[in-house]
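Asker: Here it is, the structure in full.
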Amino acid sequence: MAKKNPTDLSVEEKLKALYQLQTTLSAIDEKRALRGELPLEVQDLEDEIEGLTTRKEKIQNEINEFKSAITQKQREIIEAQSNVERYKKQLDEVRNNREYDTLSKEIEYQTLEIELCNKKIKEAQFRIEEKEKDLVSTGEQVEERTQALNEKKSELDEIMQETKEDEEKLRTKVADLESKIESRLLTSFKRIRKNARNGLGIVYVQRDACGGCFNKIPPQRQLDIKMHKKIIVCEYCGRIMIDPELAGVKPVAATEDKTKKKRSIRRTKKESEETVSED
């Protein structure tokens with residue numbers, strides 16, 4: 001049997017196909033809901049671990065820079081000490097006070113340089129100790145987050161494994177249903193569904209109201225919905241509306257609820273009057 005062209009479907013057939021598509025997509029949404037916040041938690045942990053790893057690398061680079069600075073200062077100390085020794089030897093060979101003063105100042109300067117270098121080395125060593133503590137702390141955080149990530153991933157994989165087969169069947173059904181709906185109508189439905197907070201793009205009439213936003217629907221509009229002559233959307237929320245009978249749902253009229261409520265009020269009133277008369 002040849003497949004019917006989506007554009008040749010009657011409005012009633014289009015609405016039925018759309019409602020079946022909605023129920024199938026809602027079933028997929030329920031499967032996804034089982035995962036809860038796990039996918040987001042996994043993503044957050046992965047991002048945090050990446051940030052901590054970057055931080056570790058930065059701290060290690062800073063430690064390496066401080067160590068290089070220490071090595072450089074140690075070389076400068078050796079050079080300054082060598083200069084001091086050389087200048088002290090030259091003091092024995094000076095011929096006048098001017099040369100003596102010049103050498104004395106150079107010795108003093110080189111000595112100050114040695115002291116300054118030693119100070120810089122101590123500061124760098126102190127900073128290295130601090131950075132190494134940070135490095136250990138960050139490493140522990142990475143291990144902790146990695147363990148949490150593995151647990152979350154394991155939990156998520158377990159849930160996905162349980163729902164994978166069902167989801168695949170539902171997705172196959174979705175693809176089949178979508179092929180039966182004309183592209184323009186399908187695009188509109190997807191847009192409505194995307195903008196709807198509960199993911200419902202098509203709803204049936206409940207108690208004389210829209211099943212999506214629960215605003216009252218005028219009687220004439222309800223009649224138009226039951227006639228299945230055209231696609232009708234809710235003037236408040238924009239969802240496509242369908243007759244409950246066409247959706248395979250037993251309709252519950254708002255008038256029935258009102259009648260029950262009136263009966264209850266009358267019964268209560270009657271009982272109250274009887275109590276007063278007895279008094």
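Chain identifiers are assigned as A, B, and so on, following the order in which chains appear in the structure tokens; residues are numbered from 1 within each chain, and ligands are numbered from 1 in order of appearance.
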Please, which residues of segment 215-246 of chain A, numbered as in this document, come out helix (DSSP H, G or I) from DSSP, as a compact mmCIF listing (two decimals) with C-alpha atoms, in the first residue's frame?
Answerer:
```txt
# COMPACT_ATOMS: atom_id res chain seq x y z
CA PRO A 219 -18.59 27.42 23.36
CA GLN A 220 -18.42 28.32 19.65
CA ARG A 221 -14.67 27.75 19.59
CA GLN A 222 -15.14 24.40 21.34
CA LEU A 223 -17.65 23.46 18.65
CA ASP A 224 -15.12 24.40 15.95
CA ILE A 225 -12.53 22.17 17.65
CA LYS A 226 -14.97 19.23 17.68
CA MET A 227 -15.76 19.73 13.98
```
Asker: At a cut-off of 12 Å, using only C-alpha atoms, what residues contact Pro244 of chain A? Leave out same-chain residues fewer than 2 positions from it and give the result as JSON, numbers by chain.
Answerer: {"A": [15, 16, 19, 202, 203, 204, 205, 206, 207, 208, 209, 210, 211, 222, 225, 226, 228, 241, 242, 246, 247, 248, 249, 250, 251, 252, 253]}
Asker: Create the file for the chosen residues now, containing N, CA and C atoms and written as a PDB file, in the first residue's frame.
Answerer:
```
ATOM      1  N   LEU A  15      -4.409  16.059  13.107  1.00  0.00           N
ATOM      2  CA  LEU A  15      -4.489  16.264  14.557  1.00  0.00           C
ATOM      3  C   LEU A  15      -4.164  14.987  15.316  1.00  0.00           C
ATOM      4  N   LYS A  16      -4.671  13.861  14.796  1.00  0.00           N
ATOM      5  CA  LYS A  16      -4.375  12.561  15.435  1.00  0.00           C
ATOM      6  C   LYS A  16      -2.879  12.276  15.411  1.00  0.00           C
ATOM      7  N   TYR A  19      -1.063  14.561  17.835  1.00  0.00           N
ATOM      8  CA  TYR A  19      -1.260  14.177  19.235  1.00  0.00           C
ATOM      9  C   TYR A  19      -0.452  12.921  19.581  1.00  0.00           C
ATOM     10  N   ILE A 202       0.504  20.400  21.639  1.00  0.00           N
ATOM     11  CA  ILE A 202      -0.899  20.157  21.330  1.00  0.00           C
ATOM     12  C   ILE A 202      -1.568  19.605  22.584  1.00  0.00           C
ATOM     13  N   VAL A 203      -2.743  20.143  22.920  1.00  0.00           N
ATOM     14  CA  VAL A 203      -3.449  19.743  24.145  1.00  0.00           C
ATOM     15  C   VAL A 203      -4.926  19.554  23.839  1.00  0.00           C
ATOM     16  N   TYR A 204      -5.590  18.742  24.651  1.00  0.00           N
ATOM     17  CA  TYR A 204      -7.029  18.556  24.457  1.00  0.00           C
ATOM     18  C   TYR A 204      -7.803  19.441  25.433  1.00  0.00           C
ATOM     19  N   VAL A 205      -9.038  19.694  25.088  1.00  0.00           N
ATOM     20  CA  VAL A 205      -9.895  20.559  25.893  1.00  0.00           C
ATOM     21  C   VAL A 205     -10.270  19.844  27.188  1.00  0.00           C
ATOM     22  N   GLN A 206     -10.060  20.506  28.332  1.00  0.00           N
ATOM     23  CA  GLN A 206     -10.397  19.938  29.636  1.00  0.00           C
ATOM     24  C   GLN A 206     -11.326  20.884  30.380  1.00  0.00           C
ATOM     25  N   ARG A 207     -12.538  20.402  30.714  1.00  0.00           N
ATOM     26  CA  ARG A 207     -13.507  21.203  31.479  1.00  0.00           C
ATOM     27  C   ARG A 207     -13.718  22.588  30.865  1.00  0.00           C
ATOM     28  N   ASP A 208     -13.946  22.572  29.555  1.00  0.00           N
ATOM     29  CA  ASP A 208     -14.226  23.799  28.792  1.00  0.00           C
ATOM     30  C   ASP A 208     -13.051  24.773  28.800  1.00  0.00           C
ATOM     31  N   ALA A 209     -11.849  24.269  29.023  1.00  0.00           N
ATOM     32  CA  ALA A 209     -10.661  25.132  29.060  1.00  0.00           C
ATOM     33  C   ALA A 209      -9.509  24.496  28.293  1.00  0.00           C
ATOM     34  N   CYS A 210      -8.535  25.321  27.939  1.00  0.00           N
ATOM     35  CA  CYS A 210      -7.321  24.835  27.263  1.00  0.00           C
ATOM     36  C   CYS A 210      -6.542  23.940  28.221  1.00  0.00           C
ATOM     37  N   GLY A 211      -6.129  22.783  27.736  1.00  0.00           N
ATOM     38  CA  GLY A 211      -5.387  21.846  28.585  1.00  0.00           C
ATOM     39  C   GLY A 211      -3.960  22.269  28.842  1.00  0.00           C
ATOM     40  N   GLN A 222     -15.158  25.832  20.992  1.00  0.00           N
ATOM     41  CA  GLN A 222     -15.144  24.399  21.341  1.00  0.00           C
ATOM     42  C   GLN A 222     -15.830  23.579  20.255  1.00  0.00           C
ATOM     43  N   ILE A 225     -13.569  23.178  17.359  1.00  0.00           N
ATOM     44  CA  ILE A 225     -12.530  22.169  17.654  1.00  0.00           C
ATOM     45  C   ILE A 225     -13.093  20.768  17.421  1.00  0.00           C
ATOM     46  N   LYS A 226     -14.326  20.550  17.850  1.00  0.00           N
ATOM     47  CA  LYS A 226     -14.973  19.230  17.682  1.00  0.00           C
ATOM     48  C   LYS A 226     -15.256  18.911  16.220  1.00  0.00           C
ATOM     49  N   HIS A 228     -13.347  19.470  13.650  1.00  0.00           N
ATOM     50  CA  HIS A 228     -12.106  19.017  12.978  1.00  0.00           C
ATOM     51  C   HIS A 228     -11.998  19.540  11.541  1.00  0.00           C
ATOM     52  N   MET A 241      -5.084  22.967  19.718  1.00  0.00           N
ATOM     53  CA  MET A 241      -6.099  22.318  20.560  1.00  0.00           C
ATOM     54  C   MET A 241      -6.803  21.207  19.803  1.00  0.00           C
ATOM     55  N   ILE A 242      -7.131  20.155  20.532  1.00  0.00           N
ATOM     56  CA  ILE A 242      -7.763  18.976  19.951  1.00  0.00           C
ATOM     57  C   ILE A 242      -8.924  18.529  20.830  1.00  0.00           C
ATOM     58  N   LEU A 246     -11.111  12.813  20.168  1.00  0.00           N
ATOM     59  CA  LEU A 246     -10.147  12.516  19.097  1.00  0.00           C
ATOM     60  C   LEU A 246      -8.802  12.108  19.691  1.00  0.00           C
ATOM     61  N   ALA A 247      -8.500  12.649  20.878  1.00  0.00           N
ATOM     62  CA  ALA A 247      -7.248  12.301  21.561  1.00  0.00           C
ATOM     63  C   ALA A 247      -7.364  10.969  22.301  1.00  0.00           C
ATOM     64  N   GLY A 248      -8.568  10.413  22.314  1.00  0.00           N
ATOM     65  CA  GLY A 248      -8.773   9.133  23.010  1.00  0.00           C
ATOM     66  C   GLY A 248      -8.917   9.284  24.499  1.00  0.00           C
ATOM     67  N   VAL A 249      -9.361  10.481  24.925  1.00  0.00           N
ATOM     68  CA  VAL A 249      -9.532  10.765  26.345  1.00  0.00           C
ATOM     69  C   VAL A 249     -11.007  10.998  26.625  1.00  0.00           C
ATOM     70  N   LYS A 250     -11.506  10.428  27.718  1.00  0.00           N
ATOM     71  CA  LYS A 250     -12.899  10.628  28.086  1.00  0.00           C
ATOM     72  C   LYS A 250     -13.084  12.058  28.571  1.00  0.00           C
ATOM     73  N   PRO A 251     -13.939  12.840  27.900  1.00  0.00           N
ATOM     74  CA  PRO A 251     -14.107  14.247  28.286  1.00  0.00           C
ATOM     75  C   PRO A 251     -14.819  14.410  29.619  1.00  0.00           C
ATOM     76  N   VAL A 252     -14.367  15.413  30.383  1.00  0.00           N
ATOM     77  CA  VAL A 252     -15.016  15.742  31.654  1.00  0.00           C
ATOM     78  C   VAL A 252     -15.475  17.186  31.539  1.00  0.00           C
ATOM     79  N   ALA A 253     -16.775  17.393  31.479  1.00  0.00           N
ATOM     80  CA  ALA A 253     -17.310  18.745  31.290  1.00  0.00           C
ATOM     81  C   ALA A 253     -17.272  19.527  32.582  1.00  0.00           C
TER      82      ALA A 253
END
```
Asker: Within 9 Å of segment 128-136 of chain A, counting only C-alpha atoms, which residues qualify if same-chain residues fewer than 5 places away don't, as an NGL selection string?
Answerer: :A and (55-57 or 59-60 or 62-64 or 66-67 or 123 or 141)
Asker: Would you kindly return, as a PyMOL selection string, each protein, DNA or RNA residue with an atom no farther than 9 Å from any atom of Leu21 of chain A, considering only C-alpha atoms and excluding same-chain residues fewer than 6 positions away?
Answerer: chain A and resi 173-174+177-178
Asker: Using only C-alpha atoms, which protein or nucleic acid residues come within 12 Å of Leu18 of chain A? Drop anything in the same chain fewer than 3 positions from it, and give the result as a PyMOL selection string.
Answerer: chain A and resi 6+9+11-15+21-25+174+176-183+185-190+193+200-204+231+239-242+246-247
Asker: Deliver the residues from the most recent selection as a file, using N, CA, C and O atoms, as a compact mmCIF listing (two decimals), in the first residue's frame.
Answerer:
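What follows is the written file selection-v4.txt:
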```txt
# COMPACT_ATOMS: atom_id res chain seq x y z
N PRO A 6 1.58 13.49 3.20
CA PRO A 6 1.17 14.27 4.37
C PRO A 6 0.21 15.41 4.05
O PRO A 6 -0.67 15.74 4.83
N LEU A 9 -3.60 14.47 3.90
CA LEU A 9 -4.30 14.06 5.11
C LEU A 9 -5.40 15.05 5.46
O LEU A 9 -5.28 16.25 5.22
N VAL A 11 -7.79 17.15 8.21
CA VAL A 11 -7.43 17.86 9.44
C VAL A 11 -7.49 16.90 10.62
O VAL A 11 -6.64 16.93 11.51
N GLU A 12 -8.50 16.03 10.62
CA GLU A 12 -8.66 15.06 11.70
C GLU A 12 -7.45 14.13 11.78
O GLU A 12 -6.92 13.87 12.87
N GLU A 13 -6.97 13.66 10.63
CA GLU A 13 -5.81 12.77 10.58
C GLU A 13 -4.54 13.50 11.02
O GLU A 13 -3.68 12.94 11.71
N LYS A 14 -4.45 14.77 10.61
CA LYS A 14 -3.28 15.57 11.01
C LYS A 14 -3.25 15.76 12.53
O LYS A 14 -2.19 15.64 13.16
N LEU A 15 -4.41 16.06 13.11
CA LEU A 15 -4.49 16.26 14.56
C LEU A 15 -4.16 14.99 15.32
O LEU A 15 -3.48 15.01 16.33
N LEU A 21 2.31 12.12 18.13
CA LEU A 21 3.70 12.60 18.18
C LEU A 21 3.97 13.25 19.53
O LEU A 21 5.02 13.02 20.15
N GLN A 22 3.01 14.05 20.01
CA GLN A 22 3.16 14.72 21.30
C GLN A 22 3.31 13.70 22.44
O GLN A 22 4.19 13.84 23.29
N THR A 23 2.46 12.69 22.46
CA THR A 23 2.52 11.69 23.54
C THR A 23 3.84 10.91 23.49
O THR A 23 4.42 10.58 24.54
N THR A 24 4.34 10.66 22.28
CA THR A 24 5.61 9.94 22.14
C THR A 24 6.77 10.81 22.62
O THR A 24 7.66 10.35 23.33
N LEU A 25 6.75 12.09 22.24
CA LEU A 25 7.80 13.02 22.68
C LEU A 25 7.74 13.22 24.19
O LEU A 25 8.78 13.34 24.85
N VAL A 174 8.86 8.38 16.66
CA VAL A 174 8.81 9.82 16.39
C VAL A 174 9.14 10.09 14.92
O VAL A 174 8.44 10.87 14.25
N ASP A 176 8.84 8.11 12.40
CA ASP A 176 7.75 7.60 11.57
C ASP A 176 6.57 8.57 11.56
O ASP A 176 6.00 8.88 10.52
N LEU A 177 6.23 9.09 12.75
CA LEU A 177 5.10 10.02 12.87
C LEU A 177 5.41 11.35 12.17
O LEU A 177 4.54 11.92 11.51
N GLU A 178 6.65 11.81 12.32
CA GLU A 178 7.03 13.08 11.68
C GLU A 178 6.95 13.00 10.16
O GLU A 178 6.65 13.99 9.49
N SER A 179 7.23 11.81 9.63
CA SER A 179 7.17 11.64 8.17
C SER A 179 5.73 11.71 7.65
O SER A 179 5.49 11.91 6.46
N LYS A 180 4.76 11.55 8.55
CA LYS A 180 3.35 11.57 8.16
C LYS A 180 2.74 12.97 8.28
O LYS A 180 1.58 13.18 7.93
N ILE A 181 3.52 13.92 8.82
CA ILE A 181 3.01 15.27 9.04
C ILE A 181 3.69 16.23 8.08
O ILE A 181 4.92 16.19 7.91
N GLU A 182 2.91 17.08 7.44
CA GLU A 182 3.49 18.02 6.49
C GLU A 182 4.49 18.94 7.19
O GLU A 182 4.29 19.33 8.36
N SER A 183 5.54 19.29 6.50
CA SER A 183 6.68 19.99 7.10
C SER A 183 6.30 21.31 7.75
O SER A 183 6.80 21.64 8.83
N LEU A 185 3.42 22.30 9.09
CA LEU A 185 2.69 22.04 10.33
C LEU A 185 3.63 21.50 11.41
O LEU A 185 3.55 21.88 12.58
N LEU A 186 4.54 20.62 10.99
CA LEU A 186 5.50 20.03 11.93
C LEU A 186 6.43 21.10 12.50
O LEU A 186 6.72 21.12 13.70
N THR A 187 6.87 22.02 11.65
CA THR A 187 7.74 23.12 12.10
C THR A 187 7.02 24.00 13.11
O THR A 187 7.59 24.39 14.13
N SER A 188 5.75 24.30 12.83
CA SER A 188 4.95 25.12 13.75
C SER A 188 4.77 24.41 15.09
O SER A 188 4.90 25.02 16.15
N PHE A 189 4.49 23.11 15.02
CA PHE A 189 4.31 22.32 16.24
C PHE A 189 5.58 22.31 17.09
O PHE A 189 5.53 22.51 18.31
N LYS A 190 6.72 22.12 16.44
CA LYS A 190 8.00 22.09 17.17
C LYS A 190 8.30 23.44 17.81
O LYS A 190 8.84 23.50 18.92
N ARG A 193 5.99 23.78 20.81
CA ARG A 193 6.46 22.87 21.87
C ARG A 193 7.73 23.40 22.55
O ARG A 193 7.88 23.31 23.77
N LEU A 200 4.42 20.84 25.88
CA LEU A 200 3.19 20.42 25.20
C LEU A 200 2.88 21.38 24.06
O LEU A 200 2.63 22.56 24.28
N GLY A 201 2.88 20.84 22.83
CA GLY A 201 2.57 21.65 21.67
C GLY A 201 1.13 21.52 21.24
O GLY A 201 0.58 22.38 20.57
N ILE A 202 0.50 20.40 21.64
CA ILE A 202 -0.90 20.16 21.33
C ILE A 202 -1.57 19.60 22.58
O ILE A 202 -1.02 18.73 23.26
N VAL A 203 -2.74 20.14 22.92
CA VAL A 203 -3.45 19.74 24.15
C VAL A 203 -4.93 19.55 23.84
O VAL A 203 -5.46 20.12 22.89
N TYR A 204 -5.59 18.74 24.65
CA TYR A 204 -7.03 18.56 24.46
C TYR A 204 -7.80 19.44 25.43
O TYR A 204 -7.27 19.88 26.44
N ILE A 231 -7.17 23.60 11.84
CA ILE A 231 -6.28 23.59 13.00
C ILE A 231 -6.56 24.85 13.82
O ILE A 231 -6.47 25.96 13.30
N ARG A 239 -1.03 27.12 21.90
CA ARG A 239 -0.96 25.68 21.67
C ARG A 239 -2.08 25.22 20.73
O ARG A 239 -3.18 25.80 20.74
N ILE A 240 -1.78 24.17 19.97
CA ILE A 240 -2.80 23.58 19.11
C ILE A 240 -3.79 22.84 20.01
O ILE A 240 -3.38 22.14 20.95
N MET A 241 -5.08 22.97 19.72
CA MET A 241 -6.10 22.32 20.56
C MET A 241 -6.80 21.21 19.80
O MET A 241 -7.03 21.32 18.59
N ILE A 242 -7.13 20.15 20.53
CA ILE A 242 -7.76 18.98 19.95
C ILE A 242 -8.92 18.53 20.83
O ILE A 242 -8.89 18.71 22.06
N LEU A 246 -11.11 12.81 20.17
CA LEU A 246 -10.15 12.52 19.10
C LEU A 246 -8.80 12.11 19.69
O LEU A 246 -8.07 11.31 19.12
N ALA A 247 -8.50 12.65 20.88
CA ALA A 247 -7.25 12.30 21.56
C ALA A 247 -7.36 10.97 22.30
O ALA A 247 -6.38 10.48 22.86
```
Asker: What's the 10 Å shell around Lys119 of chain A, counting only C-alpha atoms, without same-chain residues fewer than 6 positions away, as a ChimeraX atom specification?
Answerer: /A:73,113,125
Asker: Residues near Arg75 of chain A, anyone? I mean within 12 Å using only C-alpha atoms, not counting same-chain ones fewer than 5 positions away, as a ChimeraX atom specification.
Answerer: /A:68-70,80-82,113-114,117-118,121
